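**Q** What follows is final10.cif, mmCIF, C-alpha atoms (C1' of nucleotides).
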data_entry
loop_
_atom_site.label_atom_id
_atom_site.label_comp_id
_atom_site.auth_asym_id
_atom_site.auth_seq_id
_atom_site.Cartn_x
_atom_site.Cartn_y
_atom_site.Cartn_z
CA MET A 1 6.93 -3.78 34.13
CA GLU A 2 5.43 -7.25 33.94
CA ASN A 3 4.87 -8.92 30.61
CA MET A 4 6.77 -6.26 28.79
CA ASP A 5 7.63 -8.65 26.00
CA LYS A 6 3.98 -9.55 25.55
CA LYS A 7 3.06 -5.89 25.56
CA LEU A 8 5.62 -5.10 22.92
CA ARG A 9 4.45 -8.02 20.84
CA PHE A 10 0.93 -6.67 21.06
CA VAL A 11 2.18 -3.30 19.90
CA GLU A 12 3.90 -4.88 16.90
CA GLU A 13 0.77 -6.78 15.98
CA CYS A 14 -1.19 -3.56 16.07
CA GLY A 15 1.44 -2.08 13.79
CA LEU A 16 0.93 -4.87 11.29
CA TYR A 17 -2.83 -4.81 11.56
CA PHE A 18 -3.22 -1.11 10.96
CA GLU A 19 -0.61 -1.18 8.24
CA GLY A 20 -2.88 -3.73 6.59
CA VAL A 21 -5.87 -1.43 6.69
CA GLY A 22 -4.22 1.64 5.26
CA LEU A 23 -2.27 3.34 8.03
CA THR A 24 1.47 3.22 8.46
CA ARG A 25 3.11 0.69 10.72
CA ILE A 26 4.28 3.36 13.11
CA ALA A 27 0.79 4.79 13.37
CA GLY A 28 -0.45 1.32 14.21
CA ARG A 29 2.22 0.90 16.86
CA ILE A 30 1.21 4.19 18.40
CA ILE A 31 -2.39 3.03 18.61
CA GLY A 32 -1.27 -0.23 20.15
CA TRP A 33 0.83 1.52 22.73
CA LEU A 34 -1.86 4.05 23.59
CA LEU A 35 -4.26 1.18 24.17
CA ILE A 36 -2.15 -0.40 26.89
CA CYS A 37 0.04 2.31 28.36
CA ASP A 38 -0.17 3.74 31.83
CA PRO A 39 -1.13 6.50 32.13
CA PRO A 40 -3.34 6.44 29.04
CA HIS A 41 -2.04 9.82 27.92
CA GLN A 42 1.50 10.09 26.62
CA LEU A 43 3.98 12.67 25.42
CA GLN A 44 5.60 12.47 22.04
CA SER A 45 8.87 11.81 23.83
CA ASP A 46 7.24 8.90 25.69
CA LEU A 47 6.26 7.38 22.37
CA VAL A 48 9.69 7.95 20.89
CA GLU A 49 11.21 6.06 23.76
CA ALA A 50 8.60 3.33 24.02
CA LEU A 51 8.50 2.55 20.32
CA GLY A 52 12.09 3.26 19.38
CA ALA A 53 11.04 5.41 16.45
CA SER A 54 12.33 8.81 15.49
CA LYS A 55 10.84 12.06 16.71
CA SER A 56 9.89 13.03 13.18
CA SER A 57 8.07 9.78 12.43
CA ILE A 58 6.13 10.01 15.64
CA SER A 59 5.25 13.61 14.92
CA VAL A 60 3.95 12.83 11.44
CA ALA A 61 2.07 9.73 12.54
CA LEU A 62 0.38 11.62 15.37
CA LYS A 63 -0.66 14.31 12.96
CA ASP A 64 -2.26 11.67 10.73
CA LEU A 65 -3.94 9.93 13.64
CA THR A 66 -5.40 13.11 15.07
CA THR A 67 -6.65 14.13 11.63
CA LEU A 68 -8.49 10.81 11.47
CA TYR A 69 -9.79 11.39 15.00
CA LEU A 70 -8.31 8.10 16.14
CA VAL A 71 -6.03 9.86 18.59
CA GLU A 72 -6.63 13.14 20.35
CA ARG A 73 -4.47 15.79 21.91
CA PHE A 74 -4.82 16.14 25.64
CA ALA A 75 -3.61 18.68 28.18
CA LEU A 76 -3.02 18.66 31.92
CA PRO A 77 -3.61 21.79 34.03
CA GLY A 78 -0.39 23.54 34.85
CA ASP A 79 1.48 21.56 32.24
CA ARG A 80 2.28 23.27 28.98
CA ARG A 81 3.14 20.05 27.20
CA THR A 82 0.82 18.19 24.86
CA PHE A 83 -0.25 14.65 25.61
CA TYR A 84 -1.87 12.19 23.26
CA ARG A 85 -4.38 9.45 23.93
CA THR A 86 -6.74 7.25 21.95
CA SER A 87 -9.91 9.13 21.21
CA LYS A 88 -13.04 8.06 22.96
CA ASP A 89 -14.85 7.21 19.75
CA MET A 90 -11.95 5.80 17.79
CA TRP A 91 -13.73 2.53 17.13
CA SER A 92 -16.95 4.00 15.84
CA ARG A 93 -14.76 6.27 13.72
CA SER A 94 -13.10 3.19 12.30
CA PHE A 95 -16.38 1.55 11.53
CA ARG A 96 -17.74 4.65 9.92
CA ALA A 97 -14.64 4.87 7.77
CA ARG A 98 -15.24 1.32 6.64
CA MET A 99 -18.82 2.20 5.87
CA HIS A 100 -17.58 5.00 3.70
CA GLN A 101 -16.08 2.37 1.45
CA VAL A 102 -19.57 1.01 0.98
CA THR A 103 -20.86 4.45 0.09
CA ASP A 104 -18.07 4.79 -2.45
CA LEU A 105 -18.95 1.45 -3.93
CA LYS A 106 -22.57 2.44 -4.31
CA ALA A 107 -21.54 5.69 -5.97
CA LEU A 108 -19.25 3.76 -8.26
CA SER A 109 -22.05 1.48 -9.37
CA GLU A 110 -24.16 4.51 -10.20
CA ARG A 111 -21.42 6.01 -12.32
CA GLY A 112 -21.19 2.68 -14.09
CA LEU A 113 -24.90 2.63 -14.76
CA GLU A 114 -24.66 6.06 -16.31
CA ALA A 115 -22.13 4.67 -18.73
CA LEU A 116 -24.55 1.86 -19.60
CA GLN A 117 -27.54 4.10 -20.25
CA GLU A 118 -27.84 3.03 -23.87
CA ASP A 119 -27.30 -0.64 -23.17
CA THR A 120 -29.59 -3.59 -22.56
CA PRO A 121 -31.24 -4.21 -19.16
CA GLN A 122 -29.46 -7.55 -19.21
CA ARG A 123 -26.14 -5.79 -19.27
CA LYS A 124 -27.04 -3.48 -16.41
CA GLN A 125 -27.88 -6.30 -14.04
CA ARG A 126 -24.43 -6.70 -12.52
CA LEU A 127 -24.22 -3.02 -11.61
CA GLU A 128 -27.78 -2.83 -10.37
CA PHE A 129 -27.11 -5.68 -8.03
CA MET A 130 -23.94 -4.02 -6.84
CA ARG A 131 -25.80 -0.78 -6.26
CA ASP A 132 -28.69 -2.38 -4.40
CA MET A 133 -26.55 -4.49 -2.12
CA ASN A 134 -24.36 -1.58 -1.15
CA ALA A 135 -27.37 0.66 -0.67
CA PHE A 136 -28.82 -1.94 1.66
CA MET A 137 -25.64 -2.14 3.70
CA GLU A 138 -25.29 1.61 3.74
CA ALA A 139 -28.79 1.88 5.17
CA GLU A 140 -28.56 -0.93 7.68
CA PHE A 141 -25.09 -0.61 9.07
CA PRO A 142 -25.64 2.66 10.95
CA LYS A 143 -28.43 0.90 12.83
CA LEU A 144 -25.87 -1.55 14.10
CA LEU A 145 -23.76 1.30 15.35
CA ASP A 146 -26.78 2.79 17.09
CA ALA A 147 -27.58 -0.55 18.66
CA TRP A 148 -24.04 -0.77 19.95
CA ASP A 149 -24.26 2.73 21.36
CA ALA A 150 -27.28 1.65 23.38
CA ILE A 151 -25.52 -1.43 24.71
CA LYS A 152 -22.49 0.64 25.48
CA LYS A 153 -24.50 2.98 27.63
CA ALA A 154 -26.24 0.07 29.32
CA ARG A 155 -22.90 -1.45 30.21
CA GLY A 156 -21.59 1.81 31.58
CA TYR A 157 -18.88 2.18 28.96
CA ASP A 158 -19.95 5.79 28.48
CA ASP A 159 -17.02 7.41 30.11
CA LEU A 160 -14.37 5.51 28.27
CA MET B 1 -19.85 1.27 -28.65
CA GLU B 2 -21.78 4.12 -27.05
CA ASN B 3 -20.35 5.94 -24.08
CA MET B 4 -17.03 4.23 -24.41
CA ASP B 5 -15.26 7.11 -22.70
CA LYS B 6 -17.64 6.91 -19.75
CA LYS B 7 -17.14 3.17 -19.58
CA LEU B 8 -13.39 3.54 -19.55
CA ARG B 9 -13.61 6.20 -16.90
CA PHE B 10 -15.69 3.83 -14.80
CA VAL B 11 -13.04 1.16 -15.27
CA GLU B 12 -10.34 3.54 -14.09
CA GLU B 13 -12.34 4.50 -11.03
CA CYS B 14 -12.73 0.86 -10.18
CA GLY B 15 -8.98 0.54 -10.53
CA LEU B 16 -8.44 3.32 -8.05
CA TYR B 17 -11.10 2.08 -5.66
CA PHE B 18 -9.82 -1.45 -5.44
CA GLU B 19 -6.25 -0.26 -5.27
CA GLY B 20 -7.39 1.67 -2.22
CA VAL B 21 -8.74 -1.43 -0.52
CA GLY B 22 -5.74 -3.64 -1.02
CA LEU B 23 -5.82 -5.01 -4.55
CA THR B 24 -3.69 -3.81 -7.43
CA ARG B 25 -4.92 -1.20 -9.83
CA ILE B 26 -4.99 -3.65 -12.71
CA ALA B 27 -7.03 -6.12 -10.68
CA GLY B 28 -9.48 -3.30 -9.97
CA ARG B 29 -9.67 -2.41 -13.65
CA ILE B 30 -10.39 -6.02 -14.48
CA ILE B 31 -13.27 -6.05 -12.02
CA GLY B 32 -14.57 -2.82 -13.46
CA TRP B 33 -14.42 -4.15 -16.98
CA LEU B 34 -16.02 -7.47 -16.06
CA LEU B 35 -18.87 -5.56 -14.47
CA ILE B 36 -19.84 -3.76 -17.65
CA CYS B 37 -18.56 -5.83 -20.57
CA ASP B 38 -20.65 -7.67 -23.09
CA PRO B 39 -20.67 -10.60 -23.01
CA PRO B 40 -19.99 -10.84 -19.26
CA HIS B 41 -17.34 -13.50 -19.77
CA GLN B 42 -14.04 -12.49 -21.32
CA LEU B 43 -10.79 -14.01 -22.50
CA GLN B 44 -7.46 -12.89 -21.16
CA SER B 45 -6.74 -11.49 -24.60
CA ASP B 46 -9.98 -9.47 -24.44
CA LEU B 47 -8.82 -7.94 -21.20
CA VAL B 48 -5.35 -7.24 -22.56
CA GLU B 49 -6.91 -5.34 -25.42
CA ALA B 50 -9.65 -3.59 -23.46
CA LEU B 51 -7.39 -2.45 -20.63
CA GLY B 52 -4.17 -1.87 -22.54
CA ALA B 53 -2.19 -3.86 -19.99
CA SER B 54 0.38 -6.56 -20.63
CA LYS B 55 -0.47 -10.22 -20.90
CA SER B 56 1.62 -11.01 -17.85
CA SER B 57 -0.04 -8.44 -15.64
CA ILE B 58 -3.48 -9.66 -16.64
CA SER B 59 -2.47 -13.23 -16.00
CA VAL B 60 -1.17 -12.47 -12.52
CA ALA B 61 -4.11 -10.27 -11.60
CA LEU B 62 -6.60 -12.90 -12.72
CA LYS B 63 -4.82 -15.47 -10.63
CA ASP B 64 -5.13 -13.21 -7.59
CA LEU B 65 -8.77 -12.43 -8.28
CA THR B 66 -9.74 -16.05 -8.71
CA THR B 67 -7.90 -16.96 -5.53
CA LEU B 68 -10.01 -14.38 -3.74
CA TYR B 69 -13.13 -15.76 -5.43
CA LEU B 70 -13.93 -12.35 -6.83
CA VAL B 71 -13.59 -13.62 -10.38
CA GLU B 72 -14.18 -17.12 -11.65
CA ARG B 73 -13.02 -19.15 -14.59
CA PHE B 74 -15.71 -20.04 -17.06
CA ALA B 75 -15.87 -22.38 -20.04
CA LEU B 76 -18.07 -22.64 -23.10
CA PRO B 77 -18.94 -26.00 -24.62
CA GLY B 78 -16.87 -26.77 -27.66
CA ASP B 79 -14.45 -24.00 -26.83
CA ARG B 80 -11.15 -24.94 -25.29
CA ARG B 81 -10.34 -21.44 -24.17
CA THR B 82 -10.82 -20.12 -20.64
CA PHE B 83 -13.11 -17.22 -19.97
CA TYR B 84 -13.33 -15.11 -16.86
CA ARG B 85 -16.29 -13.39 -15.28
CA THR B 86 -17.14 -11.78 -11.96
CA SER B 87 -18.16 -14.44 -9.50
CA LYS B 88 -21.78 -14.59 -8.47
CA ASP B 89 -21.02 -13.95 -4.82
CA MET B 90 -18.18 -11.49 -5.21
CA TRP B 91 -19.89 -8.87 -3.10
CA SER B 92 -20.72 -11.09 -0.18
CA ARG B 93 -17.13 -12.29 -0.42
CA SER B 94 -16.00 -8.70 -0.13
CA PHE B 95 -18.18 -8.06 2.87
CA ARG B 96 -17.04 -11.21 4.56
CA ALA B 97 -13.45 -10.20 3.98
CA ARG B 98 -14.17 -6.90 5.65
CA MET B 99 -15.78 -8.72 8.52
CA HIS B 100 -12.63 -10.72 8.92
CA GLN B 101 -10.88 -7.50 9.83
CA VAL B 102 -13.29 -7.21 12.73
CA THR B 103 -12.52 -10.74 13.83
CA ASP B 104 -8.82 -9.88 13.71
CA LEU B 105 -9.37 -6.81 15.85
CA LYS B 106 -11.24 -8.82 18.44
CA ALA B 107 -8.41 -11.35 18.51
CA LEU B 108 -5.92 -8.54 18.82
CA SER B 109 -7.71 -7.09 21.82
CA GLU B 110 -7.61 -10.48 23.48
CA ARG B 111 -3.89 -10.78 22.93
CA GLY B 112 -3.54 -7.36 24.46
CA LEU B 113 -5.54 -8.35 27.49
CA GLU B 114 -3.27 -11.32 28.01
CA ALA B 115 -0.37 -8.93 28.18
CA LEU B 116 -2.21 -6.89 30.81
CA GLN B 117 -3.05 -9.85 33.04
CA GLU B 118 -1.08 -8.47 35.97
CA ASP B 119 -2.34 -4.94 35.56
CA THR B 120 -5.17 -2.94 37.06
CA PRO B 121 -8.78 -3.27 35.84
CA GLN B 122 -8.61 0.42 35.05
CA ARG B 123 -5.83 -0.21 32.61
CA LYS B 124 -7.68 -3.02 30.90
CA GLN B 125 -10.74 -0.93 30.12
CA ARG B 126 -9.62 0.30 26.72
CA LEU B 127 -8.97 -3.21 25.46
CA GLU B 128 -12.11 -4.63 26.99
CA PHE B 129 -14.14 -2.03 25.20
CA MET B 130 -12.35 -2.80 21.97
CA ARG B 131 -13.00 -6.50 22.43
CA ASP B 132 -16.67 -6.09 23.26
CA MET B 133 -17.46 -3.75 20.42
CA ASN B 134 -15.80 -5.95 17.87
CA ALA B 135 -17.44 -9.04 19.30
CA PHE B 136 -20.77 -7.31 18.95
CA MET B 137 -20.13 -6.42 15.32
CA GLU B 138 -18.78 -9.85 14.59
CA ALA B 139 -22.00 -11.35 15.91
CA GLU B 140 -24.40 -8.93 14.28
CA PHE B 141 -22.93 -8.37 10.88
CA PRO B 142 -23.60 -11.85 9.50
CA LYS B 143 -27.27 -11.26 10.27
CA LEU B 144 -27.17 -8.33 7.90
CA LEU B 145 -25.75 -10.54 5.19
CA ASP B 146 -28.49 -13.08 5.83
CA ALA B 147 -31.11 -10.36 5.65
CA TRP B 148 -29.71 -9.23 2.34
CA ASP B 149 -29.75 -12.78 1.04
CA ALA B 150 -33.46 -12.94 1.77
CA ILE B 151 -34.14 -9.65 -0.01
CA LYS B 152 -32.01 -10.79 -2.89
CA LYS B 153 -34.11 -13.88 -3.36
CA ALA B 154 -37.31 -11.88 -3.02
CA ARG B 155 -36.16 -9.53 -5.75
CA GLY B 156 -35.24 -12.38 -8.05
CA TYR B 157 -31.54 -11.57 -8.06
CA ASP B 158 -30.83 -15.26 -7.44
CA ASP B 159 -29.52 -16.09 -10.81
CA LEU B 160 -27.06 -13.27 -11.05
"C1'" DC C 1 6.50 -32.97 -37.12
"C1'" DG C 2 6.36 -27.71 -37.43
"C1'" DA C 3 3.45 -23.44 -36.67
"C1'" DC C 4 0.28 -21.15 -33.92
"C1'" DT C 5 -2.47 -20.08 -29.83
"C1'" DT C 6 -2.93 -19.54 -25.01
"C1'" DG C 7 -1.15 -18.74 -20.84
"C1'" DT C 8 2.56 -18.67 -16.97
"C1'" DT C 9 6.96 -17.42 -15.00
"C1'" DC C 10 11.03 -14.63 -14.42
"C1'" DG C 11 14.21 -10.64 -14.35
"C1'" DG C 12 14.51 -5.95 -14.49
"C1'" DT C 13 12.78 -1.26 -14.03
"C1'" DA C 14 10.58 2.42 -12.10
"C1'" DT C 15 7.53 4.36 -8.84
"C1'" DT C 16 5.97 4.93 -4.41
"C1'" DG C 17 6.21 6.03 0.24
"C1'" DA C 18 7.68 5.03 5.06
"C1'" DC C 19 11.12 6.27 7.90
"C1'" DC C 20 15.13 8.71 9.74
"C1'" DG C 21 18.42 12.50 10.93
"C1'" DA C 22 19.25 17.12 10.76
"C1'" DA C 23 17.96 21.67 10.23
"C1'" DC C 24 14.60 24.82 11.43
"C1'" DT C 25 10.64 27.07 14.34
"C1'" DT C 26 8.51 28.54 18.50
"C1'" DA C 27 8.22 29.62 22.93
"C1'" DA C 28 9.15 29.36 27.76
"C1'" DA C 29 12.67 29.77 31.55
"C1'" DG C 30 16.72 31.62 33.58
"C1'" DC D 1 19.40 37.97 25.47
"C1'" DT D 2 20.73 33.35 25.85
"C1'" DT D 3 19.65 28.72 26.69
"C1'" DT D 4 16.85 24.79 26.81
"C1'" DA D 5 12.82 22.17 25.65
"C1'" DA D 6 9.23 20.58 22.39
"C1'" DG D 7 7.75 19.89 17.96
"C1'" DT D 8 7.55 20.40 12.75
"C1'" DT D 9 9.43 20.28 8.19
"C1'" DC D 10 12.73 18.84 4.69
"C1'" DG D 11 15.89 16.01 2.00
"C1'" DG D 12 17.61 11.69 1.30
"C1'" DT D 13 17.69 6.69 1.67
"C1'" DC D 14 15.98 2.33 1.60
"C1'" DA D 15 12.50 -1.30 0.89
"C1'" DA D 16 8.51 -2.91 -1.25
"C1'" DT D 17 6.02 -3.94 -5.26
"C1'" DA D 18 3.30 -3.16 -9.50
"C1'" DC D 19 4.04 -3.60 -14.00
"C1'" DC D 20 6.19 -4.86 -18.35
"C1'" DG D 21 8.68 -7.57 -21.94
"C1'" DA D 22 10.76 -11.65 -23.06
"C1'" DA D 23 11.57 -16.23 -22.44
"C1'" DC D 24 9.37 -20.38 -21.52
"C1'" DA D 25 5.63 -24.27 -21.24
"C1'" DA D 26 1.73 -26.75 -22.92
"C1'" DG D 27 -1.36 -28.01 -25.94
"C1'" DT D 28 -3.81 -27.90 -30.69
"C1'" DC D 29 -4.25 -27.46 -35.28
"C1'" DG D 30 -2.23 -27.89 -40.21
#
How does the structure come out when it is put into structure tokens?
**A**
Amino acid sequence: MENMDKKLRFVEECGLYFEGVGLTRIAGRIIGWLLICDPPHQLQSDLVEALGASKSSISVALKDLTTLYLVERFALPGDRRTFYRTSKDMWSRSFRARMHQVTDLKALSERGLEALQEDTPQRKQRLEFMRDMNAFMEAEFPKLLDAWDAIKKARGYDDL
Amino acid sequence: MENMDKKLRFVEECGLYFEGVGLTRIAGRIIGWLLICDPPHQLQSDLVEALGASKSSISVALKDLTTLYLVERFALPGDRRTFYRTSKDMWSRSFRARMHQVTDLKALSERGLEALQEDTPQRKQRLEFMRDMNAFMEAEFPKLLDAWDAIKKARGYDDL
DNA sequence: CGACTTGTTCGGTATTGACCGAACTTAAAG
DNA sequence: CTTTAAGTTCGGTCAATACCGAACAAGTCG
């Protein structure tokens, strides 16, 4: 295969990236590989071979990734084996997960304000600002996702 | 102080939250405390006492937090000691840091596409979609921050 | 000069968790 | 019923790192 070194480097970079945002390195490598492999659906044994990781690690990582809906199981007619591929909406999933952090932050600010009930308005300012900013983002960000969905359709990315 | 238990619980939740997004638990607790303390600026020794952590841990965590511009050093006239408080723009900093993840993903997709130069258009689709979606978010998200800045001014949050 | 205050750095410990290999399940094929 | 293939679970190991205490540095009072 051409550019195999570049492909493997890409896979490693995915490993590092996703490790940095809370997944394991192996899970990130799997995502990287599933983004560039041919065909786009792969067996566990394919991944074991391509990534040089153990069967057990691949198994666990795939379980995590499917639970997060980043990767989905896939079957071929007449084939009893299970394939895996990146899920169609993995990126909106990722963005929504990030947005959940914002929701958590807003909730956190509200818990903080409860604790400051008896205190001066002055003292509550920091948390009120935190709450309002996160509430704003929580309200506006989904609109961005909707806007992207529209563009996506317009560009014919539907069937990805 | 009223509701001290609730305040401490809030501090712990901040610790867990920020630990979950890449900081240390102590750094998260410091942020939590600095969000609710009175006065809003605190000495290292205040934090040591309030959080029950060691001097060294507080020192290191504060160094990290100031490097990230989430917390800033603060001085009082006639007082040679150094105080710390949450930085005015800590939340936009946080959002910008998150946006940087999007920039990284876009870059990653481009590196992947380089590796697929010799391959079929079909095979490039996954990465092209990844690139385009992240480019879209990278372009649109700053507008949200700008919009919030405007609202912030309108609400008189300027001087926070 | 001492004595104290404030803060940083360093070494060690202890926890966490990612990963692997091997044992164990399940089920299909011969 | 045995054999082979496919996948999960378990126990152990190894690496990373957060945190602490103690030693160290710098500066400020008496």
**Q** Skip Phe83 in chain A itself and residues of its chain fewer than 2 positions away, then list as a list in words all residues within 10 Å of it, counting all atoms listed in the file.
**A** Pro40, His41, Gln42, Leu43, Gln44, Ser45, Asp46, Glu72, Arg73, Phe74, Ala75, Leu76, Asp79, Arg80, Arg81 and Arg85 of chain A
**Q** Name every residue that the PyMOL selection byres ((chain D and resi 10) around 9) selects in this structure, writing the answer as an MDAnalysis selection string with chains first and numbers rising.
**A** (chainID C and resid 23) or (chainID D and resid 9 11)
**Q** Write the residues of the selection above to a file with C-alpha atoms (C1' of nucleotides), as a PDB file, in the coordinates of the input.
**A**
ATOM      1  C1'  DA C  23      17.960  21.670  10.230  1.00  0.00           C
TER       2       DA C  23
ATOM      3  C1'  DT D   9       9.430  20.280   8.190  1.00  0.00           C
ATOM      4  C1'  DG D  11      15.890  16.010   2.000  1.00  0.00           C
TER       5       DG D  11
END
**Q** For the structure shown, which residues end up in the PyMOL selection byres ((chain B) within 9 of (chain D))? Put them as an mmCIF file with C-alpha atoms, in the coordinates of the input, please?
**A**
data_model
loop_
_atom_site.group_PDB
_atom_site.id
_atom_site.type_symbol
_atom_site.label_atom_id
_atom_site.label_comp_id
_atom_site.auth_asym_id
_atom_site.auth_seq_id
_atom_site.Cartn_x
_atom_site.Cartn_y
_atom_site.Cartn_z
ATOM 1 C CA THR B 24 -3.690 -3.810 -7.430
ATOM 2 C CA ARG B 25 -4.920 -1.200 -9.830
ATOM 3 C CA ILE B 26 -4.990 -3.650 -12.710
ATOM 4 C CA ALA B 53 -2.190 -3.860 -19.990
ATOM 5 C CA SER B 54 0.380 -6.560 -20.630
ATOM 6 C CA LYS B 55 -0.470 -10.220 -20.900
ATOM 7 C CA SER B 56 1.620 -11.010 -17.850
ATOM 8 C CA SER B 57 -0.040 -8.440 -15.640
#
**Q** Using only C-alpha atoms, what table do you get, as CSV, when you list each residue of chain A with an atom no more than 7 Å from chain B, its nearest pair of atoms, and their distance in Å rounded to one decimal, rows by chain then rising number?
**A**
residue,atom,partner,partner_atom,distance
A:Glu2,CA,B:Glu118,CA,6.9
A:Asn3,CA,B:Ala115,CA,5.8
A:Lys6,CA,B:Ala115,CA,5.1
A:Lys7,CA,B:Ala115,CA,5.3
A:Phe10,CA,B:Gly112,CA,5.7
A:Leu35,CA,B:Arg126,CA,6.0
A:Ile36,CA,B:Arg123,CA,6.8
A:Asp38,CA,B:Arg123,CA,6.9
A:Arg111,CA,B:Phe10,CA,6.6
A:Gly112,CA,B:Phe10,CA,5.7
A:Ala115,CA,B:Lys6,CA,5.1
A:Glu118,CA,B:Glu2,CA,6.9
A:Arg123,CA,B:Ile36,CA,6.8
A:Arg126,CA,B:Leu35,CA,6.0
A:Leu127,CA,B:Leu35,CA,6.6
**Q** Name the residues that the PyMOL selection byres ((chain C) within 10 of (chain A)) picks from the file above, as a VMD selection string, using the file's chain letters and numbers.
**A** chain C and resid 17 to 21 28
**Q** To one decimal place, how far is CA of Arg93 in chain A from CA of Leu70 in chain A in Å?
**A**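 Straight-line distance from CA of Arg93 in chain A to CA of Leu70 in chain A works out to 7.1 Å.
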**Q** Quote the spacing between CA of Asp64 in chain A and CA of Lys153 in chain A in Å to one decimal place.
**A**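 Answer for the CA of Asp64 in chain A to CA of Lys153 in chain A separation: 29.3 Å.
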**Q** Using Å and a single decimal, report how far CA of Lys143 in chain B sits from CA of Pro142 in chain A.
**A**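 So the two atoms, CA of Pro142 in chain A and CA of Lys143 in chain B, lie 14.0 Å apart.
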**Q** Can you report as JSON the centre and edge lengths in Å, to one decimal, of an axis-aligned box around the listed atoms of range 1-4 of chain C padded with 5 Å on each side?
**A**
{"center_x": 3.4, "center_y": -27.1, "center_z": -35.7, "size_x": 16.2, "size_y": 21.8, "size_z": 13.5}
